[in-house]
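Visitor: Pasting a structure here, questions to come.
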Amino acid sequence: MSVVSTTIRAAAGEKARAGARAARTGSGDASERERFERAYERHAGELLAYLSKRYSDRAFVEDVSAETFLRLLDRYDGPLDDVARTRAWILRVATNEANRWMRRKHVRRRALRLLAGSAGGSGASQAESAPASLAKLLIESLPLHEQEALTLHHGCGLSVEQIAGVLGVAQGTVRARLSRGRRRALAIAERLGLEVGA
């Protein structure tokens with residue numbers, strides 16, 4: 001069991017024992033904990049996969065995931081058994097939390113420096129040995145709203161309509177962000193002499 005899941009389950013047990021949500025669920029503390037654990041089992045893998053496709057720092061991914069599930073435990077007011085609604089809420093909160101942290105870290109400048117270093121040195125062979133890392137760094141170099149759209153679409157397989165629901169924007173806005181993000185990523189790759197598959 002990972003540190004993330006252990007921490008979250010301990011918090012869930014504490015929350016259940018405190019009975020803070022018994023009034024909403026109407027079925028007692030144990031039932032609330034079971035519902036939360038089911039929601040965690042259902043969504044944790046997808047959330048980690050989504051964040052891992054977007055960010056290369058594993059510790060950062062685990063921190064955002066833990067914070068998202070702690071917020072689910074404390075702040076989510078919908079039924080945990082509503083899979084689609086809970087999933088959209090989790091992805092939206094994780095996206096917002098990651099963006100907040102990334103703004104403070106100035107990830108765009110760091111990612112571009114790393115990309116410039118990857119483009120030098122051993123050149124094409126280095127790029128071929130770590131295509132996934134370079135793809136993440138390319139994504140991290142984009143504006144945050146384009147990162148969100150590209151990762152939710154290509155990383156999580158969400159449709160334009162689903163992404164619009166997660167981010168709370170119009171479908172046309174999602175299409176524009178996907179298009180601009182792809183063009184911008186290709187332009188950065190070309191400028192740095194990186195080969196991008198068709």
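Letters A, B, ... go to the chains of the structure tokens in the order shown; residues in each chain start at 1; ligands are counted from 1 in the same order.
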Pick out the residues sitting within 8 Å of region 177-188 of chain A, and hand them over as a ChimeraX atom specification; count only C-alpha atoms, and ignore anything fewer than 6 positions along from it in its own chain.
Guide: /A:138-139,141-142,145-147,149-150,196
Visitor: Pick the closest to Glu41 (chain A) from A:Asp74, A:Glu67, A:Asp81, A:Glu161: which is it, counting only C-alpha atoms?
Guide: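 Residue with the minimum atom-to-atom distance to Glu41 (chain A): A:Asp81.
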Visitor: Which residue is closest to Asp77 (chain A)? Choose from A:Arg175, A:Asp57, A:Trp89, A:His154 and count only C-alpha atoms.
Guide: A:Trp89
Visitor: Using only C-alpha atoms, determine which residues lie at most 9 Å from Thr68 (chain A), disregarding the query and same-chain residues fewer than 3 positions distant; provide the list as a PyMOL selection string.
Guide: chain A and resi 63-65+71-73+90-91+93-94+97
